[in-house]
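K.L.:
Contents of my_file-v3.cif (mmCIF, C-alpha atoms):
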data_entry
loop_
_atom_site.label_atom_id
_atom_site.label_comp_id
_atom_site.auth_asym_id
_atom_site.auth_seq_id
_atom_site.Cartn_x
_atom_site.Cartn_y
_atom_site.Cartn_z
CA MET A 1 0.00 0.00 0.00
CA LYS A 2 1.31 3.40 -0.97
CA SER A 3 1.01 6.58 1.06
CA SER A 4 2.17 10.16 0.64
CA VAL A 5 2.84 12.72 3.34
CA ILE A 6 2.75 16.36 2.27
CA THR A 7 5.36 18.65 3.81
CA PHE A 8 4.41 22.31 4.07
CA PRO A 9 6.80 25.01 5.27
CA GLY A 10 6.40 24.71 9.03
CA SER A 11 5.14 21.12 9.16
CA ASN A 12 6.87 19.31 12.03
CA CYS A 13 5.08 15.97 12.33
CA ASP A 14 5.72 14.93 8.73
CA ARG A 15 8.70 12.74 9.56
CA ASP A 16 6.95 11.17 12.57
CA MET A 17 4.10 10.27 10.25
CA ASP A 18 6.58 8.82 7.75
CA VAL A 19 8.09 6.67 10.52
CA ALA A 20 4.64 5.48 11.63
CA LEU A 21 3.36 4.65 8.14
CA THR A 22 6.58 2.88 7.19
CA LYS A 23 6.61 0.91 10.47
CA PHE A 24 3.22 -0.61 9.73
CA GLY A 25 3.90 -1.49 6.11
CA PHE A 26 3.05 1.51 3.94
CA LYS A 27 5.46 2.45 1.18
CA ASN A 28 5.56 6.13 1.97
CA LYS A 29 6.73 9.09 -0.08
CA MET A 30 7.30 12.63 1.13
CA VAL A 31 5.78 15.27 -1.15
CA TRP A 32 6.74 18.96 -1.13
CA HIS A 33 3.89 21.50 -1.01
CA ASN A 34 5.12 23.25 -4.15
CA ASP A 35 4.87 20.11 -6.28
CA GLN A 36 1.96 19.96 -8.68
CA GLU A 37 1.36 16.23 -8.84
CA LEU A 38 0.88 13.50 -6.27
CA PRO A 39 2.67 10.17 -6.60
CA LYS A 40 0.31 7.23 -7.01
CA SER A 41 -1.10 6.75 -3.50
CA ASP A 42 -3.75 4.85 -1.56
CA LEU A 43 -3.58 7.36 1.27
CA ILE A 44 -2.58 11.03 1.48
CA VAL A 45 -1.66 12.47 4.87
CA LEU A 46 -1.53 16.15 5.78
CA PRO A 47 0.69 16.17 8.87
CA GLY A 48 0.71 18.27 12.01
CA GLY A 49 2.84 21.33 12.61
CA PHE A 50 2.61 25.07 12.13
CA SER A 51 2.40 25.56 8.38
CA TYR A 52 3.27 29.14 7.41
CA GLY A 53 3.68 29.95 11.10
CA ASP A 54 -0.11 29.82 11.56
CA TYR A 55 -0.29 33.22 9.84
CA LEU A 56 -3.75 34.68 9.12
CA ARG A 57 -5.61 31.54 10.30
CA CYS A 58 -4.10 28.13 11.00
CA GLY A 59 -3.92 26.16 7.76
CA SER A 60 -5.27 28.98 5.58
CA MET A 61 -2.10 29.55 3.54
CA ALA A 62 -1.26 25.86 3.22
CA SER A 63 -4.78 25.15 1.95
CA LYS A 64 -4.00 27.34 -1.09
CA SER A 65 -0.63 25.76 -1.93
CA LYS A 66 0.01 24.15 -5.31
CA ILE A 67 -0.20 20.52 -4.20
CA MET A 68 -3.61 21.10 -2.61
CA ASN A 69 -5.33 21.21 -6.02
CA SER A 70 -4.19 17.64 -6.56
CA VAL A 71 -5.15 16.67 -2.99
CA ILE A 72 -8.64 18.14 -3.48
CA ASN A 73 -9.08 16.30 -6.80
CA PHE A 74 -7.82 13.08 -5.19
CA ALA A 75 -10.33 13.47 -2.34
CA LYS A 76 -13.19 14.37 -4.69
CA SER A 77 -12.53 11.22 -6.71
CA GLY A 78 -12.85 9.10 -3.55
CA GLY A 79 -9.19 8.83 -2.51
CA LEU A 80 -8.39 8.48 1.20
CA VAL A 81 -7.10 11.67 2.82
CA MET A 82 -6.23 12.09 6.49
CA GLY A 83 -5.33 15.38 8.15
CA ILE A 84 -3.83 15.36 11.64
CA CYS A 85 -3.78 18.48 13.82
CA ASN A 86 -2.53 21.25 11.51
CA GLY A 87 -3.50 18.87 8.70
CA PHE A 88 -7.08 18.97 10.05
CA GLN A 89 -6.92 22.77 10.05
CA ILE A 90 -5.75 22.67 6.41
CA LEU A 91 -8.64 20.33 5.51
CA VAL A 92 -11.25 22.69 6.96
CA GLU A 93 -9.65 25.70 5.25
CA ALA A 94 -9.64 23.78 1.96
CA GLY A 95 -13.33 23.00 2.44
CA LEU A 96 -12.77 19.23 2.37
CA VAL A 97 -14.41 18.77 5.78
CA PRO A 98 -17.02 21.12 7.27
CA GLY A 99 -16.53 23.56 10.14
CA VAL A 100 -13.52 25.41 11.46
CA LEU A 101 -11.01 25.15 14.32
CA LEU A 102 -10.96 28.10 16.70
CA ARG A 103 -8.52 29.05 19.41
CA ASN A 104 -8.80 26.77 22.47
CA LYS A 105 -11.47 27.96 24.85
CA TYR A 106 -9.09 28.84 27.71
CA LEU A 107 -6.44 30.31 25.38
CA GLN A 108 -3.83 27.74 26.38
CA PHE A 109 -1.67 25.53 24.23
CA ILE A 110 -2.65 22.00 25.27
CA CYS A 111 -0.13 19.18 25.17
CA LYS A 112 -1.30 15.96 26.80
CA ASN A 113 -2.69 12.48 26.27
CA VAL A 114 -6.44 12.23 25.76
CA HIS A 115 -8.96 9.48 25.23
CA VAL A 116 -11.19 9.52 22.20
CA LYS A 117 -14.32 7.52 21.49
CA VAL A 118 -14.70 6.07 18.03
CA ASP A 119 -18.32 6.43 17.15
CA ASN A 120 -18.64 5.49 13.52
CA LYS A 121 -16.92 2.37 12.23
CA GLU A 122 -18.65 2.24 8.86
CA ASN A 123 -15.67 3.75 7.07
CA THR A 124 -12.22 2.78 5.88
CA PHE A 125 -10.43 4.54 8.75
CA PHE A 126 -12.05 2.73 11.69
CA LYS A 127 -13.75 -0.34 10.20
CA ASN A 128 -13.00 -3.54 12.21
CA LEU A 129 -11.25 -1.61 14.98
CA ASP A 130 -11.75 -3.76 18.07
CA LYS A 131 -11.42 -0.92 20.59
CA LYS A 132 -14.01 1.76 21.16
CA VAL A 133 -11.81 4.12 23.18
CA LEU A 134 -8.31 5.02 22.05
CA GLU A 135 -5.59 6.96 23.85
CA PHE A 136 -3.91 9.51 21.61
CA HIS A 137 -1.85 12.64 22.13
CA ILE A 138 -2.93 16.21 21.45
CA ALA A 139 -0.73 19.29 21.09
CA HIS A 140 -2.51 22.33 19.77
CA ASN A 141 -3.54 25.91 20.33
CA GLU A 142 -6.44 25.97 17.85
CA GLY A 143 -8.40 22.76 18.25
CA ASN A 144 -11.74 24.13 19.34
CA TYR A 145 -14.06 22.68 16.70
CA PHE A 146 -16.86 24.99 15.65
CA CYS A 147 -19.58 24.91 13.03
CA THR A 148 -22.93 26.58 12.49
CA ASN A 149 -26.11 24.96 13.84
CA ASP A 150 -27.18 24.06 10.30
CA GLN A 151 -23.81 22.44 9.63
CA LEU A 152 -23.96 20.54 12.93
CA LYS A 153 -27.36 19.14 12.06
CA GLU A 154 -26.07 18.04 8.65
CA ILE A 155 -22.93 16.52 10.19
CA GLU A 156 -24.98 14.56 12.73
CA ASP A 157 -27.57 13.47 10.17
CA ASN A 158 -24.79 12.09 7.95
CA ASN A 159 -22.85 10.44 10.82
CA GLN A 160 -19.80 12.56 10.06
CA ILE A 161 -18.47 12.81 13.61
CA ALA A 162 -15.48 10.45 13.68
CA ILE A 163 -14.19 10.73 17.25
CA TYR A 164 -15.16 12.48 20.48
CA TYR A 165 -13.01 13.51 23.45
CA CYS A 166 -14.02 11.25 26.33
CA ASP A 167 -12.76 9.75 29.58
CA GLN A 168 -11.07 6.36 29.65
CA ASN A 169 -14.44 4.64 29.90
CA GLY A 170 -15.84 6.42 26.87
CA ASN A 171 -18.02 8.97 28.66
CA THR A 172 -18.22 12.31 26.91
CA ASN A 173 -18.93 15.40 28.99
CA ASP A 174 -17.85 19.01 29.41
CA GLN A 175 -15.29 18.21 32.13
CA ILE A 176 -13.10 16.15 29.83
CA ASN A 177 -13.51 18.46 26.83
CA PRO A 178 -9.97 19.87 26.57
CA ASN A 179 -10.50 22.77 24.19
CA GLY A 180 -14.17 23.73 24.05
CA SER A 181 -15.05 21.82 20.87
CA ILE A 182 -18.75 21.61 20.06
CA LYS A 183 -20.10 18.21 21.21
CA ASN A 184 -16.56 17.18 22.25
CA ILE A 185 -15.71 16.68 18.57
CA ALA A 186 -12.07 15.63 18.08
CA GLY A 187 -12.33 14.44 14.50
CA ILE A 188 -14.70 14.65 11.59
CA PHE A 189 -15.32 13.07 8.16
CA ASN A 190 -16.50 14.52 4.91
CA LYS A 191 -19.92 13.34 3.76
CA GLU A 192 -18.47 10.41 1.80
CA LYS A 193 -16.19 9.34 4.74
CA ASN A 194 -13.05 9.18 2.61
CA VAL A 195 -11.59 12.32 4.21
CA LEU A 196 -10.81 12.35 7.94
CA GLY A 197 -9.58 15.34 9.92
CA MET A 198 -8.65 14.94 13.59
CA MET A 199 -6.72 16.89 16.20
CA PRO A 200 -5.13 13.90 18.06
CA HIS A 201 -1.86 12.43 16.82
CA PRO A 202 -1.96 8.63 16.34
CA GLU A 203 1.63 8.74 15.06
CA ARG A 204 2.81 9.66 18.56
CA MET A 205 1.42 6.40 19.97
CA ILE A 206 3.32 3.77 18.05
CA ASP A 207 5.98 2.70 20.51
CA GLU A 208 4.85 0.54 23.39
CA SER A 209 7.81 1.40 25.62
CA LEU A 210 7.75 5.16 24.94
CA SER A 211 4.08 5.96 24.54
CA GLY A 212 1.01 3.81 24.15
CA GLU A 213 0.08 1.30 21.54
CA ASP A 214 -3.24 2.73 20.37
CA GLY A 215 -1.58 4.45 17.42
CA SER A 216 -0.17 1.06 16.39
CA ILE A 217 -3.67 -0.43 16.59
CA PHE A 218 -5.04 2.41 14.47
CA PHE A 219 -2.37 2.17 11.74
CA LYS A 220 -2.40 -1.65 11.55
CA ASN A 221 -6.16 -1.61 11.22
CA LEU A 222 -6.04 1.16 8.60
CA LEU A 223 -3.54 -0.78 6.51
CA ASN A 224 -5.72 -3.90 6.65
CA ASN A 225 -8.75 -1.88 5.63
CA ILE A 226 -6.99 -0.42 2.61
CA LYS A 227 -5.54 -3.74 1.43
CA MET B 1 -5.28 52.39 -5.07
CA LYS B 2 -5.50 51.50 -1.38
CA VAL B 3 -8.42 49.46 -0.12
CA SER B 4 -9.01 48.57 3.52
CA ALA B 5 -10.90 45.58 4.80
CA VAL B 6 -12.00 44.70 8.32
CA ILE B 7 -12.63 41.10 9.30
CA THR B 8 -14.76 40.49 12.37
CA LEU B 9 -16.00 37.35 14.10
CA LYS B 10 -19.66 36.55 13.58
CA LYS B 11 -22.01 37.22 16.47
CA ASP B 12 -22.40 33.61 17.64
CA VAL B 13 -18.70 32.76 17.57
CA LEU B 14 -16.89 32.69 20.91
CA ASP B 15 -14.07 35.25 21.09
CA PRO B 16 -11.95 34.31 24.14
CA GLN B 17 -9.34 36.95 23.35
CA GLY B 18 -11.98 39.65 23.24
CA LYS B 19 -13.29 38.38 26.57
CA VAL B 20 -9.88 38.54 28.22
CA ILE B 21 -9.30 42.05 26.84
CA HIS B 22 -12.69 43.04 28.23
CA GLU B 23 -11.80 41.65 31.68
CA THR B 24 -8.43 43.40 31.64
CA LEU B 25 -10.04 46.70 30.69
CA ASP B 26 -12.46 46.15 33.53
CA GLY B 27 -9.56 45.58 35.92
CA MET B 28 -7.95 48.81 34.74
CA GLY B 29 -11.01 50.75 35.66
CA PHE B 30 -12.75 50.93 32.30
CA ASN B 31 -15.99 49.67 33.78
CA SER B 32 -18.33 50.93 31.12
CA VAL B 33 -17.55 48.30 28.51
CA ASN B 34 -20.36 45.98 27.41
CA GLU B 35 -18.36 43.72 25.13
CA VAL B 36 -15.07 43.53 23.21
CA ARG B 37 -14.72 41.64 19.94
CA GLN B 38 -11.29 41.34 18.36
CA GLY B 39 -10.89 41.40 14.58
CA LYS B 40 -8.36 41.93 11.80
CA TYR B 41 -7.62 44.94 9.62
CA PHE B 42 -5.98 44.84 6.19
CA GLU B 43 -4.63 47.65 4.04
CA ILE B 44 -4.21 46.43 0.50
CA ASP B 45 -2.59 48.47 -2.24
CA VAL B 46 -3.90 47.12 -5.53
CA LYS B 47 -2.75 47.89 -9.07
CA GLU B 48 -6.12 49.25 -10.03
CA ASN B 49 -7.35 52.83 -10.31
CA ASP B 50 -11.05 52.25 -10.68
CA PRO B 51 -12.54 52.29 -7.14
CA LYS B 52 -15.32 49.87 -8.01
CA LYS B 53 -12.94 47.34 -9.57
CA ALA B 54 -10.47 47.72 -6.70
CA LYS B 55 -13.22 47.12 -4.18
CA ASP B 56 -14.49 44.06 -6.07
CA LEU B 57 -10.98 42.66 -6.21
CA VAL B 58 -10.48 42.98 -2.45
CA GLU B 59 -13.94 41.57 -1.85
CA ASP B 60 -12.93 38.49 -3.83
CA MET B 61 -9.75 38.24 -1.73
CA CYS B 62 -11.83 38.41 1.45
CA LYS B 63 -14.09 35.61 0.27
CA LYS B 64 -11.28 33.35 -0.88
CA LEU B 65 -8.53 33.90 1.67
CA LEU B 66 -8.70 36.81 4.10
CA ALA B 67 -11.90 35.73 5.85
CA ASN B 68 -13.30 32.32 6.71
CA LEU B 69 -16.98 32.85 6.10
CA VAL B 70 -17.99 30.08 8.51
CA ILE B 71 -16.93 32.27 11.43
CA GLU B 72 -16.07 35.71 10.05
CA ASN B 73 -17.67 38.64 8.28
CA TYR B 74 -15.76 41.13 6.18
CA LYS B 75 -16.38 44.77 5.46
CA ILE B 76 -14.56 46.93 2.97
CA ILE B 77 -14.36 50.21 4.74
CA GLU B 78 -12.58 52.67 2.52
CA THR B 79 -10.91 53.21 -0.80
CA GLN B 80 -8.44 56.00 -1.49
#
Let me see the file written as structure tokens.

P.N.:
Amino acid sequence: MKSSVITFPGSNCDRDMDVALTKFGFKNKMVWHNDQELPKSDLIVLPGGFSYGDYLRCGSMASKSKIMNSVINFAKSGGLVMGICNGFQILVEAGLVPGVLLRNKYLQFICKNVHVKVDNKENTFFKNLDKKVLEFHIAHNEGNYFCTNDQLKEIEDNNQIAIYYCDQNGNTNDQINPNGSIKNIAGIFNKEKNVLGMMPHPERMIDESLSGEDGSIFFKNLLNNIK
Amino acid sequence: MKVSAVITLKKDVLDPQGKVIHETLDGMGFNSVNEVRQGKYFEIDVKENDPKKAKDLVEDMCKKLLANLVIENYKIIETQ
């Protein structure tokens, strides 16, 4: 299975993502944001980081870069695209997933492990996953998911909420909401479920002795689903 | 020709920075403030001498890049 990770100026999780994808069997290529064309890929990843120094709005500049035309076409034709953290912010700015990510409610950069509940497994990203609650890492300043009431209704009607912030038992409530996201939303799909944007970093959870193993579970499962 | 645009958060969008500024003003003794909303201001010098065309051009920029219309409104405030 082939994957591509796009590097924007200011991306800093691109190599971590490369390590993770390669570890679990993807043949990964790094793609520069100024390239026009994508290599043949089964999965495109927009990594975390601070593309363009978060100028104007996080992800806004990167969403207009040359390679994004190809990424948008790839997504529109049904290709799998995953945006993590800043990659999620780029996806919303590119209009590939609905909503927007605002500054965290209490104006603090948050860097910690969180639990997320996987709600919808009828998609390539989470199908056959045998855990309902995963422990991932978050590190962001703008992760407060927001959308209009009309958009929220549409998102809920189409089962587009991918993951929710929750406690270790899978309970979602305001106390464990780290950043003020509407409905504790940590990740969201497009309507067709081939594009996933999420704030947590699965690529930081791939070494049992250093972190947790839930990232490993996620990537192994993803690879099997794509095969 | 210079065109200015102001980007503001929509009414229903939480503005934590505005809130903190409000509280700080309050602490400084400016007690007559109802609300503070923080926005962005752009001065754009465009290669265009027709005010209508210049305004339209900046409006297009606001829609496509300068503002995110999910959460922000834009207003073109002056041309000179």

K.L.:
Which residues would end up in the selection if the PyMOL selection byres ((chain B) within 8 of (chain A)) were applied here, given that I need the answer as a PyMOL selection string?

P.N.:
chain B and resi 16-17+65-66+68+70-71

K.L.:
Output the residue selection produced by the PyMOL selection byres ((chain A and resi 18) around 8) on the file above, formatted as a PyMOL selection string.

P.N.:
chain A and resi 5+14-17+19-22+28-30

K.L.:
Between A:Lys121, A:Asp130, A:Asn221, A:His115, which residue has the minimum interatomic distance to Asn171 (chain A), considering all atoms listed in the file?

P.N.:
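The shortest atom-to-atom distance to Asn171 (chain A) comes from A:His115.
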
K.L.:
Quick one: apply the PyMOL selection byres ((chain A and resi 59) around 12) to the file and drop the selected residues here as a ChimeraX atom specification.

P.N.:
/A:8-11,46-58,60-65,68,83-95,100-102,142-143 /B:65,68

K.L.:
Save the residues we just selected, C-alpha atoms, as an mmCIF file, in the frame of the given file?

P.N.:
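After the write, again.cif holds the following:
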data_model
loop_
_atom_site.group_PDB
_atom_site.id
_atom_site.type_symbol
_atom_site.label_atom_id
_atom_site.label_comp_id
_atom_site.auth_asym_id
_atom_site.auth_seq_id
_atom_site.Cartn_x
_atom_site.Cartn_y
_atom_site.Cartn_z
ATOM 1 C CA PHE A 8 4.410 22.310 4.070
ATOM 2 C CA PRO A 9 6.800 25.010 5.270
ATOM 3 C CA GLY A 10 6.400 24.710 9.030
ATOM 4 C CA SER A 11 5.140 21.120 9.160
ATOM 5 C CA LEU A 46 -1.530 16.150 5.780
ATOM 6 C CA PRO A 47 0.690 16.170 8.870
ATOM 7 C CA GLY A 48 0.710 18.270 12.010
ATOM 8 C CA GLY A 49 2.840 21.330 12.610
ATOM 9 C CA PHE A 50 2.610 25.070 12.130
ATOM 10 C CA SER A 51 2.400 25.560 8.380
ATOM 11 C CA TYR A 52 3.270 29.140 7.410
ATOM 12 C CA GLY A 53 3.680 29.950 11.100
ATOM 13 C CA ASP A 54 -0.110 29.820 11.560
ATOM 14 C CA TYR A 55 -0.290 33.220 9.840
ATOM 15 C CA LEU A 56 -3.750 34.680 9.120
ATOM 16 C CA ARG A 57 -5.610 31.540 10.300
ATOM 17 C CA CYS A 58 -4.100 28.130 11.000
ATOM 18 C CA SER A 60 -5.270 28.980 5.580
ATOM 19 C CA MET A 61 -2.100 29.550 3.540
ATOM 20 C CA ALA A 62 -1.260 25.860 3.220
ATOM 21 C CA SER A 63 -4.780 25.150 1.950
ATOM 22 C CA LYS A 64 -4.000 27.340 -1.090
ATOM 23 C CA SER A 65 -0.630 25.760 -1.930
ATOM 24 C CA MET A 68 -3.610 21.100 -2.610
ATOM 25 C CA GLY A 83 -5.330 15.380 8.150
ATOM 26 C CA ILE A 84 -3.830 15.360 11.640
ATOM 27 C CA CYS A 85 -3.780 18.480 13.820
ATOM 28 C CA ASN A 86 -2.530 21.250 11.510
ATOM 29 C CA GLY A 87 -3.500 18.870 8.700
ATOM 30 C CA PHE A 88 -7.080 18.970 10.050
ATOM 31 C CA GLN A 89 -6.920 22.770 10.050
ATOM 32 C CA ILE A 90 -5.750 22.670 6.410
ATOM 33 C CA LEU A 91 -8.640 20.330 5.510
ATOM 34 C CA VAL A 92 -11.250 22.690 6.960
ATOM 35 C CA GLU A 93 -9.650 25.700 5.250
ATOM 36 C CA ALA A 94 -9.640 23.780 1.960
ATOM 37 C CA GLY A 95 -13.330 23.000 2.440
ATOM 38 C CA VAL A 100 -13.520 25.410 11.460
ATOM 39 C CA LEU A 101 -11.010 25.150 14.320
ATOM 40 C CA LEU A 102 -10.960 28.100 16.700
ATOM 41 C CA GLU A 142 -6.440 25.970 17.850
ATOM 42 C CA GLY A 143 -8.400 22.760 18.250
ATOM 43 C CA LEU B 65 -8.530 33.900 1.670
ATOM 44 C CA ASN B 68 -13.300 32.320 6.710
#

K.L.:
In Å to one decimal, how far is CA of Glu156 (chain A) from CA of Asp214 (chain A)?

P.N.:
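Between CA of Asp214 (chain A) and CA of Glu156 (chain A) the gap is 25.9 Å.
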
K.L.:
Kindly write C-alpha atoms of region 113-150 of chain A from the structure just given to a file, as a PDB file, in the first residue's frame.

P.N.:
ATOM      1  CA  ASN A 113      -2.694  12.480  26.273  1.00  0.00           C
ATOM      2  CA  VAL A 114      -6.439  12.234  25.756  1.00  0.00           C
ATOM      3  CA  HIS A 115      -8.960   9.481  25.225  1.00  0.00           C
ATOM      4  CA  VAL A 116     -11.193   9.523  22.202  1.00  0.00           C
ATOM      5  CA  LYS A 117     -14.316   7.522  21.488  1.00  0.00           C
ATOM      6  CA  VAL A 118     -14.700   6.069  18.026  1.00  0.00           C
ATOM      7  CA  ASP A 119     -18.319   6.430  17.148  1.00  0.00           C
ATOM      8  CA  ASN A 120     -18.643   5.493  13.516  1.00  0.00           C
ATOM      9  CA  LYS A 121     -16.915   2.366  12.226  1.00  0.00           C
ATOM     10  CA  GLU A 122     -18.650   2.240   8.864  1.00  0.00           C
ATOM     11  CA  ASN A 123     -15.670   3.749   7.068  1.00  0.00           C
ATOM     12  CA  THR A 124     -12.223   2.775   5.882  1.00  0.00           C
ATOM     13  CA  PHE A 125     -10.431   4.536   8.751  1.00  0.00           C
ATOM     14  CA  PHE A 126     -12.049   2.726  11.690  1.00  0.00           C
ATOM     15  CA  LYS A 127     -13.747  -0.341  10.204  1.00  0.00           C
ATOM     16  CA  ASN A 128     -12.997  -3.537  12.205  1.00  0.00           C
ATOM     17  CA  LEU A 129     -11.252  -1.610  14.978  1.00  0.00           C
ATOM     18  CA  ASP A 130     -11.754  -3.764  18.066  1.00  0.00           C
ATOM     19  CA  LYS A 131     -11.416  -0.921  20.586  1.00  0.00           C
ATOM     20  CA  LYS A 132     -14.009   1.761  21.159  1.00  0.00           C
ATOM     21  CA  VAL A 133     -11.810   4.117  23.182  1.00  0.00           C
ATOM     22  CA  LEU A 134      -8.310   5.025  22.053  1.00  0.00           C
ATOM     23  CA  GLU A 135      -5.593   6.965  23.851  1.00  0.00           C
ATOM     24  CA  PHE A 136      -3.907   9.509  21.606  1.00  0.00           C
ATOM     25  CA  HIS A 137      -1.846  12.642  22.132  1.00  0.00           C
ATOM     26  CA  ILE A 138      -2.929  16.214  21.450  1.00  0.00           C
ATOM     27  CA  ALA A 139      -0.732  19.289  21.091  1.00  0.00           C
ATOM     28  CA  HIS A 140      -2.511  22.333  19.771  1.00  0.00           C
ATOM     29  CA  ASN A 141      -3.542  25.914  20.325  1.00  0.00           C
ATOM     30  CA  GLU A 142      -6.438  25.972  17.853  1.00  0.00           C
ATOM     31  CA  GLY A 143      -8.401  22.763  18.249  1.00  0.00           C
ATOM     32  CA  ASN A 144     -11.744  24.134  19.336  1.00  0.00           C
ATOM     33  CA  TYR A 145     -14.058  22.675  16.697  1.00  0.00           C
ATOM     34  CA  PHE A 146     -16.860  24.991  15.650  1.00  0.00           C
ATOM     35  CA  CYS A 147     -19.581  24.912  13.029  1.00  0.00           C
ATOM     36  CA  THR A 148     -22.929  26.575  12.485  1.00  0.00           C
ATOM     37  CA  ASN A 149     -26.110  24.961  13.841  1.00  0.00           C
ATOM     38  CA  ASP A 150     -27.182  24.058  10.302  1.00  0.00           C
TER      39      ASP A 150
END
